[in-house]
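Data from final_30.cif: mmCIF, C-alpha atoms and all ligand atoms
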```
data_entry
loop_
_atom_site.group_PDB
_atom_site.id
_atom_site.type_symbol
_atom_site.label_atom_id
_atom_site.label_comp_id
_atom_site.auth_asym_id
_atom_site.auth_seq_id
_atom_site.Cartn_x
_atom_site.Cartn_y
_atom_site.Cartn_z
ATOM 1 C CA MET L 1368 -57.350 -25.001 -10.274
ATOM 2 C CA SER L 1369 -59.116 -21.672 -10.536
ATOM 3 C CA VAL L 1370 -57.444 -18.846 -12.362
ATOM 4 C CA GLU L 1371 -56.809 -16.831 -9.195
ATOM 5 C CA ASN L 1372 -54.663 -19.601 -7.752
ATOM 6 C CA VAL L 1373 -52.241 -19.873 -10.632
ATOM 7 C CA GLY L 1374 -48.658 -19.205 -9.516
ATOM 8 C CA GLU L 1375 -47.253 -18.939 -6.008
ATOM 9 C CA ILE L 1376 -48.138 -15.361 -5.224
ATOM 10 C CA LYS L 1377 -51.560 -14.593 -3.772
ATOM 11 C CA PHE L 1378 -53.493 -11.644 -5.155
ATOM 12 C CA SER L 1379 -56.200 -10.033 -3.054
ATOM 13 C CA ASP L 1380 -59.791 -10.575 -4.130
ATOM 14 C CA SER L 1381 -60.089 -6.964 -5.225
ATOM 15 C CA LEU L 1382 -56.927 -7.180 -7.342
ATOM 16 C CA THR L 1383 -58.141 -10.412 -8.915
ATOM 17 C CA ALA L 1384 -61.525 -8.866 -9.679
ATOM 18 C CA PHE L 1385 -59.839 -5.782 -11.156
ATOM 19 C CA ILE L 1386 -57.659 -7.916 -13.431
ATOM 20 C CA MET L 1387 -60.569 -10.007 -14.624
ATOM 21 C CA ASP L 1388 -62.564 -6.852 -15.261
ATOM 22 C CA TRP L 1389 -59.754 -5.327 -17.354
ATOM 23 C CA LYS L 1390 -58.733 -8.568 -19.011
ATOM 24 C CA GLU L 1391 -60.138 -7.767 -22.453
ATOM 25 C CA LYS L 1392 -60.022 -3.975 -22.408
ATOM 26 C CA PRO L 1393 -57.580 -1.899 -24.455
ATOM 27 C CA GLY L 1394 -54.723 -0.452 -22.429
ATOM 28 C CA ASN L 1395 -55.342 -3.092 -19.788
ATOM 29 C CA LEU L 1396 -51.688 -3.900 -19.094
ATOM 30 C CA ILE L 1397 -50.828 -0.480 -17.730
ATOM 31 C CA MET L 1398 -53.935 -0.399 -15.557
ATOM 32 C CA ILE L 1399 -53.311 -3.898 -14.242
ATOM 33 C CA LEU L 1400 -49.616 -3.391 -13.541
ATOM 34 C CA HIS L 1401 -50.445 -0.151 -11.788
ATOM 35 C CA LYS L 1402 -52.833 -2.011 -9.517
ATOM 36 C CA VAL L 1403 -50.347 -4.811 -8.856
ATOM 37 C CA GLN L 1404 -47.714 -2.259 -7.876
ATOM 38 C CA GLN L 1405 -50.224 -0.553 -5.594
ATOM 39 C CA GLU L 1406 -50.814 -3.834 -3.788
ATOM 40 C CA PHE L 1407 -47.213 -5.026 -3.496
ATOM 41 C CA GLY L 1408 -45.121 -1.887 -3.880
ATOM 42 C CA PHE L 1409 -43.396 -3.371 -6.919
ATOM 43 C CA ILE L 1410 -43.944 -5.920 -9.658
ATOM 44 C CA SER L 1411 -42.215 -9.142 -8.744
ATOM 45 C CA ARG L 1412 -41.482 -11.840 -11.281
ATOM 46 C CA GLU L 1413 -44.100 -14.055 -9.634
ATOM 47 C CA ALA L 1414 -46.698 -11.295 -9.990
ATOM 48 C CA ALA L 1415 -45.775 -10.719 -13.645
ATOM 49 C CA VAL L 1416 -46.054 -14.454 -14.373
ATOM 50 C CA LYS L 1417 -49.395 -14.617 -12.644
ATOM 51 C CA VAL L 1418 -50.765 -11.625 -14.566
ATOM 52 C CA SER L 1419 -49.494 -13.162 -17.793
ATOM 53 C CA GLU L 1420 -51.395 -16.372 -17.039
ATOM 54 C CA MET L 1421 -54.541 -14.593 -15.925
ATOM 55 C CA ILE L 1422 -54.889 -12.438 -19.022
ATOM 56 C CA ASN L 1423 -53.298 -14.845 -21.502
ATOM 57 C CA THR L 1424 -50.584 -12.403 -22.480
ATOM 58 C CA PRO L 1425 -46.940 -13.361 -23.078
ATOM 59 C CA LEU L 1426 -44.609 -12.528 -20.186
ATOM 60 C CA ALA L 1427 -42.316 -10.683 -22.617
ATOM 61 C CA LYS L 1428 -45.123 -8.271 -23.432
ATOM 62 C CA ILE L 1429 -45.726 -7.614 -19.749
ATOM 63 C CA TYR L 1430 -42.044 -6.897 -19.180
ATOM 64 C CA GLY L 1431 -42.037 -4.748 -22.301
ATOM 65 C CA VAL L 1432 -44.609 -2.445 -20.704
ATOM 66 C CA ALA L 1433 -43.198 -2.682 -17.176
ATOM 67 C CA THR L 1434 -39.698 -1.696 -18.284
ATOM 68 C CA PHE L 1435 -40.813 1.010 -20.705
ATOM 69 C CA TYR L 1436 -42.454 3.145 -18.023
ATOM 70 C CA HIS L 1437 -40.125 4.383 -15.304
ATOM 71 C CA PHE L 1438 -43.026 4.422 -12.938
ATOM 72 C CA PHE L 1439 -43.019 0.644 -12.575
ATOM 73 C CA LYS L 1440 -40.616 -0.923 -10.099
ATOM 74 C CA LEU L 1441 -39.384 -4.428 -10.775
ATOM 75 C CA THR L 1442 -37.465 -4.862 -7.537
ATOM 76 C CA LYS L 1443 -38.650 -4.513 -3.998
ATOM 77 C CA PRO L 1444 -38.008 -0.965 -2.813
ATOM 78 C CA GLY L 1445 -36.401 -0.182 0.545
ATOM 79 C CA LYS L 1446 -38.540 0.641 3.575
ATOM 80 C CA ASN L 1447 -37.766 4.323 2.944
ATOM 81 C CA ILE L 1448 -37.697 5.496 -0.650
ATOM 82 C CA ILE L 1449 -35.447 8.502 -1.113
ATOM 83 C CA GLN L 1450 -36.356 10.387 -4.266
ATOM 84 C CA VAL L 1451 -33.921 12.988 -5.498
ATOM 85 C CA CYS L 1452 -35.399 15.392 -8.006
ATOM 86 C CA MET L 1453 -33.378 15.670 -11.174
ATOM 87 C CA GLY L 1454 -35.666 18.114 -12.942
ATOM 88 C CA THR L 1455 -33.911 21.070 -14.518
ATOM 89 C CA ALA L 1456 -34.075 23.436 -11.528
ATOM 90 C CA CYS L 1457 -32.913 20.794 -9.067
ATOM 91 C CA TYR L 1458 -30.245 19.512 -11.401
ATOM 92 C CA LEU L 1459 -28.823 23.017 -11.766
ATOM 93 C CA LYS L 1460 -28.898 23.585 -8.003
ATOM 94 C CA GLY L 1461 -27.073 20.417 -7.032
ATOM 95 C CA GLY L 1462 -29.370 17.386 -7.407
ATOM 96 C CA GLN L 1463 -26.507 15.370 -8.836
ATOM 97 C CA GLU L 1464 -24.318 16.146 -5.804
ATOM 98 C CA LEU L 1465 -27.110 14.872 -3.545
ATOM 99 C CA LEU L 1466 -27.269 11.624 -5.460
ATOM 100 C CA GLU L 1467 -23.506 11.235 -5.248
ATOM 101 C CA GLU L 1468 -23.447 11.933 -1.530
ATOM 102 C CA LEU L 1469 -26.274 9.442 -0.959
ATOM 103 C CA GLY L 1470 -24.234 6.932 -2.932
ATOM 104 C CA THR L 1471 -21.294 7.503 -0.594
ATOM 105 C CA LEU L 1472 -23.393 7.415 2.568
ATOM 106 C CA LEU L 1473 -25.601 4.459 1.706
ATOM 107 C CA GLY L 1474 -23.482 2.602 -0.837
ATOM 108 C CA VAL L 1475 -26.238 2.507 -3.443
ATOM 109 C CA ALA L 1476 -26.771 4.027 -6.854
ATOM 110 C CA PRO L 1477 -30.162 5.263 -8.067
ATOM 111 C CA GLY L 1478 -32.475 2.289 -8.510
ATOM 112 C CA GLU L 1479 -30.726 0.232 -5.837
ATOM 113 C CA VAL L 1480 -31.671 -0.835 -2.325
ATOM 114 C CA THR L 1481 -29.372 -0.915 0.704
ATOM 115 C CA ASP L 1482 -28.391 -4.359 2.007
ATOM 116 C CA ASP L 1483 -30.460 -3.831 5.154
ATOM 117 C CA GLU L 1484 -33.443 -2.938 2.907
ATOM 118 C CA LEU L 1485 -33.980 0.287 4.842
ATOM 119 C CA PHE L 1486 -33.422 2.661 1.937
ATOM 120 C CA SER L 1487 -33.737 2.806 -1.788
ATOM 121 C CA VAL L 1488 -32.627 5.779 -3.837
ATOM 122 C CA GLU L 1489 -34.358 7.008 -6.949
ATOM 123 C CA SER L 1490 -33.724 9.871 -9.281
ATOM 124 C CA VAL L 1491 -37.052 11.366 -10.331
ATOM 125 C CA ARG L 1492 -38.378 14.083 -12.606
ATOM 126 C CA CYS L 1493 -39.664 17.438 -11.343
ATOM 127 C CA VAL L 1494 -41.736 16.927 -8.214
ATOM 128 C CA GLY L 1495 -43.389 20.311 -8.591
ATOM 129 C CA CYS L 1496 -41.701 22.556 -6.037
ATOM 130 C CA CYS L 1497 -38.840 23.964 -8.082
ATOM 131 C CA GLY L 1498 -38.591 27.066 -5.855
ATOM 132 C CA LEU L 1499 -37.157 24.748 -3.190
ATOM 133 C CA ALA L 1500 -34.487 23.241 -5.444
ATOM 134 C CA PRO L 1501 -32.697 20.983 -4.906
ATOM 135 C CA VAL L 1502 -35.528 18.865 -3.579
ATOM 136 C CA MET L 1503 -35.494 15.438 -1.998
ATOM 137 C CA VAL L 1504 -38.562 13.448 -0.965
ATOM 138 C CA ILE L 1505 -38.582 10.635 1.569
ATOM 139 C CA GLY L 1506 -41.970 8.994 1.889
ATOM 140 C CA GLU L 1507 -44.371 11.851 2.645
ATOM 141 C CA ASP L 1508 -41.629 14.281 3.687
ATOM 142 C CA VAL L 1509 -40.344 16.904 1.280
ATOM 143 C CA TYR L 1510 -36.921 18.461 1.879
ATOM 144 C CA GLY L 1511 -36.019 21.652 0.064
ATOM 145 C CA LYS L 1512 -32.741 23.478 -0.520
ATOM 146 C CA VAL L 1513 -30.918 20.386 0.653
ATOM 147 C CA LEU L 1514 -27.156 20.522 1.039
ATOM 148 C CA PRO L 1515 -25.068 17.359 0.811
ATOM 149 C CA ASP L 1516 -23.740 17.830 4.332
ATOM 150 C CA GLN L 1517 -27.296 17.758 5.720
ATOM 151 C CA LEU L 1518 -27.868 14.266 4.409
ATOM 152 C CA PRO L 1519 -26.373 12.238 7.292
ATOM 153 C CA GLU L 1520 -28.697 13.942 9.760
ATOM 154 C CA ILE L 1521 -31.747 13.525 7.532
ATOM 155 C CA ILE L 1522 -31.027 9.855 6.908
ATOM 156 C CA ALA L 1523 -30.420 9.176 10.603
ATOM 157 C CA LYS L 1524 -34.018 10.181 11.356
ATOM 158 C CA TYR L 1525 -35.313 7.373 9.183
ATOM 159 C CA ARG L 1526 -32.763 4.846 10.352
ATOM 160 C CA ASP L 1527 -34.045 5.222 13.896
ATOM 161 C CA LYS L 1528 -37.756 5.165 13.018
HETATM 162 S S1 LIG R 1601 -37.073 20.572 -10.845
HETATM 163 FE FE1 LIG R 1601 -37.033 19.742 -8.880
HETATM 164 S S2 LIG R 1601 -38.928 20.318 -8.092
HETATM 165 FE FE2 LIG R 1601 -39.016 21.026 -10.114
#
```

Starting from the coordinates I provided, produce the structure as structure tokens.
Amino acid sequence: MSVENVGEIKFSDSLTAFIMDWKEKPGNLIMILHKVQQEFGFISREAAVKVSEMINTPLAKIYGVATFYHFFKLTKPGKNIIQVCMGTACYLKGGQELLEELGTLLGVAPGEVTDDELFSVESVRCVGCCGLAPVMVIGEDVYGKVLPDQLPEIIAKYRDK
């Protein structure tokens, strides 16, 4: 069995080539996990096992890196990722209230996915438009000066998409 076929998950040829290219280089784990997340949207257990086998690195080390950096997602995100900024400006202007209201509306806490897999909610650091605080980002769309009572209408747009 060739190395690319180890495990159940199938990596694209370009991902496989990238991993083999980075296999021996310092700092390779972050680069490789980044690429895996780009391809799948998250790092599944199958993907982590496969990477571990491909680069001869213990699975525990891979999870050590994947869990250390907030950037990496270990569970499949919802179709729409709702990011609520919790940077200082947004926090002071009501970011926490937005998260709480989303929790009530969608029944999920930050880091969780709705049962219908339509939404996941994340609390993120400053997204760089503090003048619009509190800020929420859904996919490519940025919402500024968001009030909790605007959330049902905003969410409905994505539910119907
Ligand atoms: S703190 Fe939220 S955009 Fe900067």

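Counting all atoms listed in the file and comparing L:Asn1395, L:Thr1455, L:Thr1471, L:Gln1404, the residue that lies closest to ligand LIG 1601 (chain R) is L:Thr1455.
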
Output as JSON the centre and edge lengths (Å, one decimal) of the box along x, y and z of the file that holds every listed atom of ligand LIG 1601 (chain R) after adding 3 Å on each side.
```
{"center_x": -38.0, "center_y": 20.4, "center_z": -9.5, "size_x": 8.0, "size_y": 7.3, "size_z": 8.8}
```

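Shortest separation to ligand LIG 1601 (chain R) among L:Val1432, L:Leu1514, L:Ala1500, L:Ile1505 occurs at residue L:Ala1500, atoms counted being all atoms listed in the file.
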
field: Nearest residue to ligand LIG 1601 (chain R) from the set L:Ala1414, L:Val1504, L:Val1403, L:Cys1493 (distances using all atoms listed in the file)
entry: L:Cys1493

- prompt: Can I get the residues close to ligand LIG 1601 (chain R) as a PyMOL selection string, where close means within 10 Å and we count only C-alpha atoms and all ligand atoms?
  reply: chain L and resi 1451-1460+1462+1491-1504+1511

Take the residues that were just selected and, keeping C-alpha atoms, output them as a JSON list (two decimals), keeping the file's coordinate frame.
```json
[["chain", "number", "residue", "atom", "x", "y", "z"],
["L", 1451, "VAL", "CA", -33.92, 12.99, -5.50],
["L", 1452, "CYS", "CA", -35.40, 15.39, -8.01],
["L", 1453, "MET", "CA", -33.38, 15.67, -11.17],
["L", 1454, "GLY", "CA", -35.67, 18.11, -12.94],
["L", 1455, "THR", "CA", -33.91, 21.07, -14.52],
["L", 1456, "ALA", "CA", -34.08, 23.44, -11.53],
["L", 1457, "CYS", "CA", -32.91, 20.79, -9.07],
["L", 1458, "TYR", "CA", -30.24, 19.51, -11.40],
["L", 1459, "LEU", "CA", -28.82, 23.02, -11.77],
["L", 1460, "LYS", "CA", -28.90, 23.58, -8.00],
["L", 1462, "GLY", "CA", -29.37, 17.39, -7.41],
["L", 1491, "VAL", "CA", -37.05, 11.37, -10.33],
["L", 1492, "ARG", "CA", -38.38, 14.08, -12.61],
["L", 1493, "CYS", "CA", -39.66, 17.44, -11.34],
["L", 1494, "VAL", "CA", -41.74, 16.93, -8.21],
["L", 1495, "GLY", "CA", -43.39, 20.31, -8.59],
["L", 1496, "CYS", "CA", -41.70, 22.56, -6.04],
["L", 1497, "CYS", "CA", -38.84, 23.96, -8.08],
["L", 1498, "GLY", "CA", -38.59, 27.07, -5.86],
["L", 1499, "LEU", "CA", -37.16, 24.75, -3.19],
["L", 1500, "ALA", "CA", -34.49, 23.24, -5.44],
["L", 1501, "PRO", "CA", -32.70, 20.98, -4.91],
["L", 1502, "VAL", "CA", -35.53, 18.86, -3.58],
["L", 1503, "MET", "CA", -35.49, 15.44, -2.00],
["L", 1504, "VAL", "CA", -38.56, 13.45, -0.96],
["L", 1511, "GLY", "CA", -36.02, 21.65, 0.06]]
```

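Taking atom CA of Tyr1430 of chain L as the reference point, atom CA of Ile1410 of chain L is found at 9.8 Å.
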
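For the residues L:Phe1439, L:Lys1446, L:Asp1516, L:Glu1375, ranking by smallest atom-to-atom distance to Glu1467 of chain L using all atoms listed in the file places L:Asp1516 first.
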
field: Evaluate the PyMOL selection byres (((chain L and resi 1508) around 12) and not hetatm) and report residues as a ChimeraX atom specification
entry: /L:1447-1450,1502-1507,1509-1511,1521-1522,1524-1525

message: Using only C-alpha atoms, list the residues that have an atom at most 12 Å from (-57.2, -10.8, -19.7), coordinates as in the file, as a count of residues only.
response: 27

Selection near Leu1466 of chain L, 8 Å with all atoms listed in the file, sequence-local residues under 5 positions removed, as a PyMOL selection string: chain L and resi 1451+1476-1477+1490

- prompt: Any idea what's packed within 12 Å of Thr1481 of chain L, counting only C-alpha atoms, ignoring anything in its chain fewer than 2 positions away? Could you give it as a VMD selection string?
  reply: chain L and resid 1443 to 1449 1469 to 1479 1483 to 1488 1526

message: Between atom CA of Ile1397 of chain L and atom CA of Ser1379 of chain L, what distance in Å does the model show, to one decimal?
response: 18.3 Å

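Of note, atom CA of Ser1381 of chain L and atom CA of Thr1442 of chain L are spaced 22.8 Å apart.
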